[in-house]
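K.L.:
One file: model-v5.pdb (PDB, C-alpha atoms).
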```
ATOM      1  CA  MET A  69     -16.789   2.708 -30.649
ATOM      2  CA  SER A  70     -17.558   6.235 -29.597
ATOM      3  CA  VAL A  71     -15.024   9.057 -29.629
ATOM      4  CA  GLN A  72     -15.097   9.091 -25.824
ATOM      5  CA  GLU A  73     -14.383   5.338 -25.635
ATOM      6  CA  ARG A  74     -11.519   5.678 -28.119
ATOM      7  CA  LYS A  75      -9.998   8.544 -26.115
ATOM      8  CA  GLN A  76     -10.275   6.539 -22.899
ATOM      9  CA  ARG A  77      -8.622   3.544 -24.553
ATOM     10  CA  GLU A  78      -5.806   5.725 -25.932
ATOM     11  CA  ARG A  79      -5.318   7.316 -22.520
ATOM     12  CA  ALA A  80      -5.099   3.891 -20.849
ATOM     13  CA  GLU A  81      -2.609   2.732 -23.492
ATOM     14  CA  ARG A  82      -0.444   5.829 -22.924
ATOM     15  CA  GLU A  83      -0.538   5.232 -19.189
ATOM     16  CA  ARG A  84       0.541   1.599 -19.650
ATOM     17  CA  LEU A  85       3.356   2.796 -21.923
ATOM     18  CA  ILE A  86       4.560   5.298 -19.325
ATOM     19  CA  VAL A  87       4.549   2.669 -16.563
ATOM     20  CA  ALA A  88       6.244   0.026 -18.733
ATOM     21  CA  THR A  89       8.895   2.495 -19.884
ATOM     22  CA  ALA A  90       9.569   3.674 -16.329
ATOM     23  CA  ARG A  91       9.836   0.098 -15.178
ATOM     24  CA  ASP A  92      12.230  -0.856 -17.993
ATOM     25  CA  LEU A  93      14.399   2.186 -17.393
ATOM     26  CA  ALA A  94      14.488   1.544 -13.640
ATOM     27  CA  GLU A  95      15.396  -2.127 -14.153
ATOM     28  CA  GLN A  96      18.190  -1.164 -16.556
ATOM     29  CA  GLN A  97      19.630   1.912 -14.845
ATOM     30  CA  GLY A  98      17.969   2.282 -11.442
ATOM     31  CA  TRP A  99      15.224   4.604 -10.239
ATOM     32  CA  ASP A 100      17.529   7.629 -10.238
ATOM     33  CA  ALA A 101      17.558   7.400 -14.036
ATOM     34  CA  VAL A 102      13.769   7.673 -14.203
ATOM     35  CA  THR A 103      12.879  11.303 -14.808
ATOM     36  CA  THR A 104       9.895  12.808 -16.568
ATOM     37  CA  ARG A 105      12.237  14.254 -19.192
ATOM     38  CA  ARG A 106      13.786  10.865 -19.989
ATOM     39  CA  LEU A 107      10.391   9.174 -19.979
ATOM     40  CA  ALA A 108       8.973  11.787 -22.318
ATOM     41  CA  GLU A 109      11.898  11.273 -24.701
ATOM     42  CA  ARG A 110      11.566   7.500 -24.657
ATOM     43  CA  ILE A 111       7.812   7.383 -25.208
ATOM     44  CA  GLU A 112       7.912  10.305 -27.638
ATOM     45  CA  TYR A 113       5.336  12.414 -25.823
ATOM     46  CA  SER A 114       5.799  15.796 -24.194
ATOM     47  CA  GLN A 115       6.321  16.178 -20.468
ATOM     48  CA  PRO A 116       2.882  17.808 -20.098
ATOM     49  CA  VAL A 117       1.354  14.607 -21.497
ATOM     50  CA  LEU A 118       3.133  12.636 -18.781
ATOM     51  CA  TYR A 119       1.889  15.065 -16.156
ATOM     52  CA  SER A 120      -1.650  14.622 -17.454
ATOM     53  CA  HIS A 121      -1.367  10.973 -16.341
ATOM     54  CA  PHE A 122       0.888  11.206 -13.280
ATOM     55  CA  ARG A 123       1.708  14.177 -11.073
ATOM     56  CA  GLY A 124       5.312  13.072 -10.906
ATOM     57  CA  LYS A 125       7.782  10.277 -10.322
ATOM     58  CA  ARG A 126       6.212   9.297  -6.992
ATOM     59  CA  GLU A 127       2.934   8.375  -8.679
ATOM     60  CA  ILE A 128       4.790   6.477 -11.397
ATOM     61  CA  ILE A 129       6.615   4.482  -8.712
ATOM     62  CA  GLY A 130       3.231   3.772  -7.126
ATOM     63  CA  ALA A 131       1.835   2.526 -10.439
ATOM     64  CA  VAL A 132       4.837   0.225 -10.909
ATOM     65  CA  ALA A 133       4.380  -1.024  -7.342
ATOM     66  CA  LEU A 134       0.717  -1.879  -7.938
ATOM     67  CA  GLU A 135       1.601  -3.730 -11.123
ATOM     68  CA  GLY A 136       4.370  -5.557  -9.293
ATOM     69  CA  ALA A 137       2.086  -6.497  -6.407
ATOM     70  CA  ALA A 138      -0.278  -8.214  -8.842
ATOM     71  CA  GLU A 139       2.653 -10.066 -10.427
ATOM     72  CA  LEU A 140       4.035 -11.105  -7.037
ATOM     73  CA  ALA A 141       0.635 -12.428  -5.946
ATOM     74  CA  ALA A 142       0.324 -14.429  -9.168
ATOM     75  CA  ALA A 143       3.846 -15.845  -8.819
ATOM     76  CA  VAL A 144       3.257 -16.902  -5.217
ATOM     77  CA  ARG A 145      -0.107 -18.495  -6.021
ATOM     78  CA  ALA A 146       1.302 -20.352  -9.023
ATOM     79  CA  ALA A 147       4.187 -21.722  -6.962
ATOM     80  CA  THR A 148       2.070 -22.771  -3.997
ATOM     81  CA  SER A 149      -0.647 -24.378  -6.112
ATOM     82  CA  ALA A 150       1.934 -26.749  -7.598
ATOM     83  CA  ALA A 151       3.230 -27.874  -4.181
ATOM     84  CA  ASP A 152       1.961 -30.808  -2.102
ATOM     85  CA  GLY A 153       1.301 -30.221   1.569
ATOM     86  CA  PRO A 154       1.592 -27.161   3.781
ATOM     87  CA  ARG A 155       5.352 -27.303   4.378
ATOM     88  CA  GLU A 156       6.085 -27.691   0.675
ATOM     89  CA  GLN A 157       3.705 -24.826  -0.101
ATOM     90  CA  VAL A 158       5.525 -22.539   2.312
ATOM     91  CA  ALA A 159       8.903 -23.490   0.851
ATOM     92  CA  ALA A 160       7.536 -22.847  -2.661
ATOM     93  CA  LEU A 161       6.133 -19.496  -1.480
ATOM     94  CA  ALA A 162       9.520 -18.486  -0.070
ATOM     95  CA  ARG A 163      11.385 -19.486  -3.241
ATOM     96  CA  ALA A 164       8.847 -17.687  -5.469
ATOM     97  CA  TYR A 165       9.046 -14.520  -3.355
ATOM     98  CA  LEU A 166      12.847 -14.456  -3.333
ATOM     99  CA  ASP A 167      12.985 -15.259  -7.047
ATOM    100  CA  PHE A 168      10.579 -12.400  -7.793
ATOM    101  CA  ALA A 169      12.721  -9.994  -5.760
ATOM    102  CA  ALA A 170      15.889 -11.117  -7.553
ATOM    103  CA  ARG A 171      14.401 -10.983 -11.063
ATOM    104  CA  ASN A 172      12.637  -7.624 -10.580
ATOM    105  CA  PRO A 173      14.826  -5.446  -8.358
ATOM    106  CA  ALA A 174      13.355  -2.109  -9.487
ATOM    107  CA  VAL A 175       9.800  -3.370  -9.071
ATOM    108  CA  TYR A 176      10.705  -4.784  -5.662
ATOM    109  CA  ASP A 177      12.131  -1.400  -4.695
ATOM    110  CA  ALA A 178       8.950   0.306  -5.889
ATOM    111  CA  LEU A 179       6.916  -2.079  -3.746
ATOM    112  CA  PHE A 180       8.935  -2.066  -0.553
ATOM    113  CA  GLN A 181      11.704   0.524  -0.540
ATOM    114  CA  LEU A 182      10.568   3.669  -2.341
ATOM    115  CA  ASP A 183       7.780   6.134  -1.631
ATOM    116  CA  GLY A 184       5.112   5.553  -4.229
ATOM    117  CA  GLY A 185       2.469   7.357  -2.235
ATOM    118  CA  LEU A 186       0.657   4.110  -1.400
ATOM    119  CA  ALA A 187      -0.907   3.218   1.925
ATOM    120  CA  TYR A 188       0.166  -0.104   3.407
ATOM    121  CA  ALA A 189      -1.704  -1.981   6.154
ATOM    122  CA  GLN A 190      -4.489   0.597   6.294
ATOM    123  CA  GLU A 191      -8.134   0.874   5.320
ATOM    124  CA  ASP A 192      -7.259   2.667   2.086
ATOM    125  CA  THR A 193      -4.564   0.211   1.010
ATOM    126  CA  PRO A 194      -5.009  -0.425  -2.723
ATOM    127  CA  GLU A 195      -6.439  -3.823  -3.656
ATOM    128  CA  PRO A 196      -3.309  -5.148  -5.441
ATOM    129  CA  LEU A 197      -1.293  -4.651  -2.241
ATOM    130  CA  LYS A 198      -3.992  -6.326  -0.148
ATOM    131  CA  ASP A 199      -4.087  -9.201  -2.620
ATOM    132  CA  ALA A 200      -0.312  -9.688  -2.513
ATOM    133  CA  PHE A 201      -0.500  -9.998   1.264
ATOM    134  CA  ALA A 202      -3.497 -12.327   0.904
ATOM    135  CA  ALA A 203      -1.450 -14.548  -1.428
ATOM    136  CA  LEU A 204       1.097 -14.984   1.379
ATOM    137  CA  LEU A 205      -1.579 -15.423   4.030
ATOM    138  CA  GLU A 206      -3.324 -18.181   2.064
ATOM    139  CA  SER A 207      -0.428 -20.576   2.517
ATOM    140  CA  LEU A 208       0.936 -19.295   5.802
ATOM    141  CA  SER A 209      -2.301 -19.275   7.808
ATOM    142  CA  GLU A 210      -2.298 -23.093   7.853
ATOM    143  CA  VAL A 211       1.123 -23.280   9.462
ATOM    144  CA  ALA A 212       1.063 -20.407  11.949
ATOM    145  CA  GLY A 213       0.585 -22.720  14.898
ATOM    146  CA  ASP A 214      -1.926 -22.867  17.719
ATOM    147  CA  GLY A 215      -2.665 -19.556  19.354
ATOM    148  CA  VAL A 216      -0.734 -17.570  16.735
ATOM    149  CA  HIS A 217      -2.691 -15.017  14.715
ATOM    150  CA  PRO A 218      -2.235 -15.967  11.018
ATOM    151  CA  GLY A 219      -1.887 -12.332   9.924
ATOM    152  CA  LEU A 220       0.826 -11.679  12.492
ATOM    153  CA  PHE A 221       2.648 -14.861  11.503
ATOM    154  CA  THR A 222       2.435 -13.807   7.851
ATOM    155  CA  GLU A 223       3.935 -10.414   8.698
ATOM    156  CA  VAL A 224       6.877 -12.030  10.503
ATOM    157  CA  PHE A 225       7.464 -14.557   7.733
ATOM    158  CA  TRP A 226       7.208 -11.823   5.099
ATOM    159  CA  ALA A 227       9.669  -9.655   7.062
ATOM    160  CA  SER A 228      12.090 -12.589   7.110
ATOM    161  CA  LEU A 229      11.773 -13.018   3.347
ATOM    162  CA  HIS A 230      12.208  -9.292   2.822
ATOM    163  CA  GLY A 231      15.369  -9.334   4.920
ATOM    164  CA  LEU A 232      16.770 -12.256   2.946
ATOM    165  CA  ALA A 233      15.906 -10.586  -0.364
ATOM    166  CA  THR A 234      17.422  -7.267   0.660
ATOM    167  CA  LEU A 235      20.597  -8.683   2.187
ATOM    168  CA  THR A 236      21.150 -11.055  -0.725
ATOM    169  CA  ARG A 237      20.763  -8.267  -3.260
ATOM    170  CA  ALA A 238      23.193  -6.079  -1.302
ATOM    171  CA  GLY A 239      25.790  -8.863  -1.497
ATOM    172  CA  ARG A 240      25.809  -9.380   2.254
ATOM    173  CA  LEU A 241      24.820 -13.055   2.104
ATOM    174  CA  LEU A 242      26.587 -15.850   0.252
ATOM    175  CA  PRO A 243      24.524 -16.743  -2.834
ATOM    176  CA  GLU A 244      25.397 -20.433  -2.614
ATOM    177  CA  ASP A 245      23.519 -20.701   0.708
ATOM    178  CA  ALA A 246      20.220 -19.334  -0.622
ATOM    179  CA  LEU A 247      18.352 -22.661  -0.673
ATOM    180  CA  GLN A 248      19.653 -23.607   2.778
ATOM    181  CA  ARG A 249      18.325 -20.301   4.139
ATOM    182  CA  VAL A 250      14.850 -21.066   2.783
ATOM    183  CA  GLU A 251      14.961 -24.565   4.290
ATOM    184  CA  LEU A 252      16.080 -23.173   7.648
ATOM    185  CA  LEU A 253      13.390 -20.504   7.640
ATOM    186  CA  VAL A 254      10.689 -23.029   6.821
ATOM    187  CA  ASP A 255      11.994 -25.589   9.333
ATOM    188  CA  ARG A 256      12.176 -23.097  12.215
ATOM    189  CA  LEU A 257       9.017 -21.078  11.611
ATOM    190  CA  VAL A 258       6.544 -23.563  10.159
ATOM    191  CA  VAL A 259       4.529 -25.629  12.594
ATOM    192  CA  VAL A 260       2.940 -28.602  10.826
TER     193      VAL A 260
END
```
Show me, as structure tokens, the structure contained in the file I just sent.

P.N.:
Amino acid sequence: MSVQERKQRERAERERLIVATARDLAEQQGWDAVTTRRLAERIEYSQPVLYSHFRGKREIIGAVALEGAAELAAAVRAATSAADGPREQVAALARAYLDFAARNPAVYDALFQLDGGLAYAQEDTPEPLKDAFAALLESLSEVAGDGVHPGLFTEVFWASLHGLATLTRAGRLLPEDALQRVELLVDRLVVV
């Protein structure tokens, strides 16, 4: 291994450490607790080292969001691949999405609530974000219904899931009705 390759590998490892540490800190204490000073202390590097990887917290949030998008896509695909039939796939998609949001609140915030400097629904949208949407579209395009654009249907279904995730997390919906909400959403929106 050349010196250049070793330095690149070390740089990538430091970057992964910064992102993982930011994510852990945000999951434990919220994004307000994530500062470059605290990150530097936790990873035992100076603040200038952090700034050599990320220009600031916004870029760190973006990196966490991209990582989370890949995880969300994988979770949705795993859940839908184990389900039989379109309706069951959509129900599995909804449960996987809501479970991801509940288990990873800081990552979910990085993806959908905070400014991570990422472009959504544009030409320059990063691939992990496009792939997360594609993971939803794969199951939902089959059930959109005649004359309904699959992408538009996916956006509406996703918005419904996002609303459920956000309201549930805020304590504005009864937790014991979570499964009934998924069933209702699937029953009313899915045309099979």

K.L.:
Using the chain letters and residue numbers of this document, give as a ChimeraX atom specification the residues selected by the PyMOL selection byres ((chain A and resi 192-195) around 12).

P.N.:
/A:130-131,133-135,137-138,141,184-191,196-202

K.L.:
Now that the selection is made, can you save its residues with C-alpha atoms as a PDB file, in the frame of the given file?

P.N.:
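Once everything was written out, this is out.pdb:
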```pdb
ATOM      1  CA  GLY A 130       3.231   3.772  -7.126  1.00  0.00           C
ATOM      2  CA  ALA A 131       1.835   2.526 -10.439  1.00  0.00           C
ATOM      3  CA  ALA A 133       4.380  -1.024  -7.342  1.00  0.00           C
ATOM      4  CA  LEU A 134       0.717  -1.879  -7.938  1.00  0.00           C
ATOM      5  CA  GLU A 135       1.601  -3.730 -11.123  1.00  0.00           C
ATOM      6  CA  ALA A 137       2.086  -6.497  -6.407  1.00  0.00           C
ATOM      7  CA  ALA A 138      -0.278  -8.214  -8.842  1.00  0.00           C
ATOM      8  CA  ALA A 141       0.635 -12.428  -5.946  1.00  0.00           C
ATOM      9  CA  GLY A 184       5.112   5.553  -4.229  1.00  0.00           C
ATOM     10  CA  GLY A 185       2.469   7.357  -2.235  1.00  0.00           C
ATOM     11  CA  LEU A 186       0.657   4.110  -1.400  1.00  0.00           C
ATOM     12  CA  ALA A 187      -0.907   3.218   1.925  1.00  0.00           C
ATOM     13  CA  TYR A 188       0.166  -0.104   3.407  1.00  0.00           C
ATOM     14  CA  ALA A 189      -1.704  -1.981   6.154  1.00  0.00           C
ATOM     15  CA  GLN A 190      -4.489   0.597   6.294  1.00  0.00           C
ATOM     16  CA  GLU A 191      -8.134   0.874   5.320  1.00  0.00           C
ATOM     17  CA  PRO A 196      -3.309  -5.148  -5.441  1.00  0.00           C
ATOM     18  CA  LEU A 197      -1.293  -4.651  -2.241  1.00  0.00           C
ATOM     19  CA  LYS A 198      -3.992  -6.326  -0.148  1.00  0.00           C
ATOM     20  CA  ASP A 199      -4.087  -9.201  -2.620  1.00  0.00           C
ATOM     21  CA  ALA A 200      -0.312  -9.688  -2.513  1.00  0.00           C
ATOM     22  CA  PHE A 201      -0.500  -9.998   1.264  1.00  0.00           C
ATOM     23  CA  ALA A 202      -3.497 -12.327   0.904  1.00  0.00           C
TER      24      ALA A 202
END
```

K.L.:
Counting all atoms listed in the file, which of A:Asp214, A:Asp100, A:Glu206, A:Glu251 gets nearest to Val144 in chain A?

P.N.:
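Between A:Asp214, A:Asp100, A:Glu206, A:Glu251, the residue approaching Val144 in chain A most closely is A:Glu206.
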
K.L.:
With all atoms listed in the file counted and 9 Å as the cut-off, give the residues of range 144-192 of chain A in contact with range 83-97 of chain A, each with its shortest interatomic distance in Å and the pair that gives it, as a Markdown table.

P.N.:
```
| residue | atom | partner | partner_atom | distance |
| --- | --- | --- | --- | --- |
| A:Asn172 | CA | A:Glu95 | CA | 7.1 |
| A:Pro173 | CA | A:Glu95 | CA | 6.7 |
| A:Ala174 | CA | A:Glu95 | CA | 5.1 |
| A:Val175 | CA | A:Arg91 | CA | 7.0 |
```

K.L.:
Which residue gives the smallest distance to Val260 in chain A among A:Gly239, A:Pro218, A:Gly124, A:Pro154, with only C-alpha atoms counted?

P.N.:
A:Pro154

K.L.:
Identify, on the basis of all atoms listed in the file, every residue whose closest approach to His230 in chain A does not exceed 9 Å; exclude the query and any residue fewer than 6 positions from it along the same chain; express the result as a VMD selection string.

P.N.:
chain A and resid 165 to 166 169 180

K.L.:
Expressed in Å to a single decimal, how great is the separation between CA of Leu252 in chain A and CA of Gly136 in chain A?

P.N.:
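We find that CA of Leu252 in chain A and CA of Gly136 in chain A lie 27.1 Å from each other.
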
K.L.:
In Å, with one decimal, what is the gap from CA of Glu244 in chain A to CA of Ala212 in chain A?

P.N.:
28.4 Å

K.L.:
On this structure, which residues satisfy the PyMOL selection byres ((chain A and resi 257) around 12), written as a ChimeraX atom specification?

P.N.:
/A:155,158-159,162,208,211-213,216,221-222,224-226,228-229,249-256,258-260

K.L.:
Could you please determine the separation between CA of Leu118 in chain A and CA of Ala80 in chain A in Å, to one decimal place?

P.N.:
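The value is 12.2 Å.
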
K.L.:
Determine the nearest neighbour of Leu247 in chain A from the options A:Ser207, A:Leu182, A:Ala233, A:Arg163, counting all atoms listed in the file.

P.N.:
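Smallest distance to Leu247 in chain A is found for A:Arg163.
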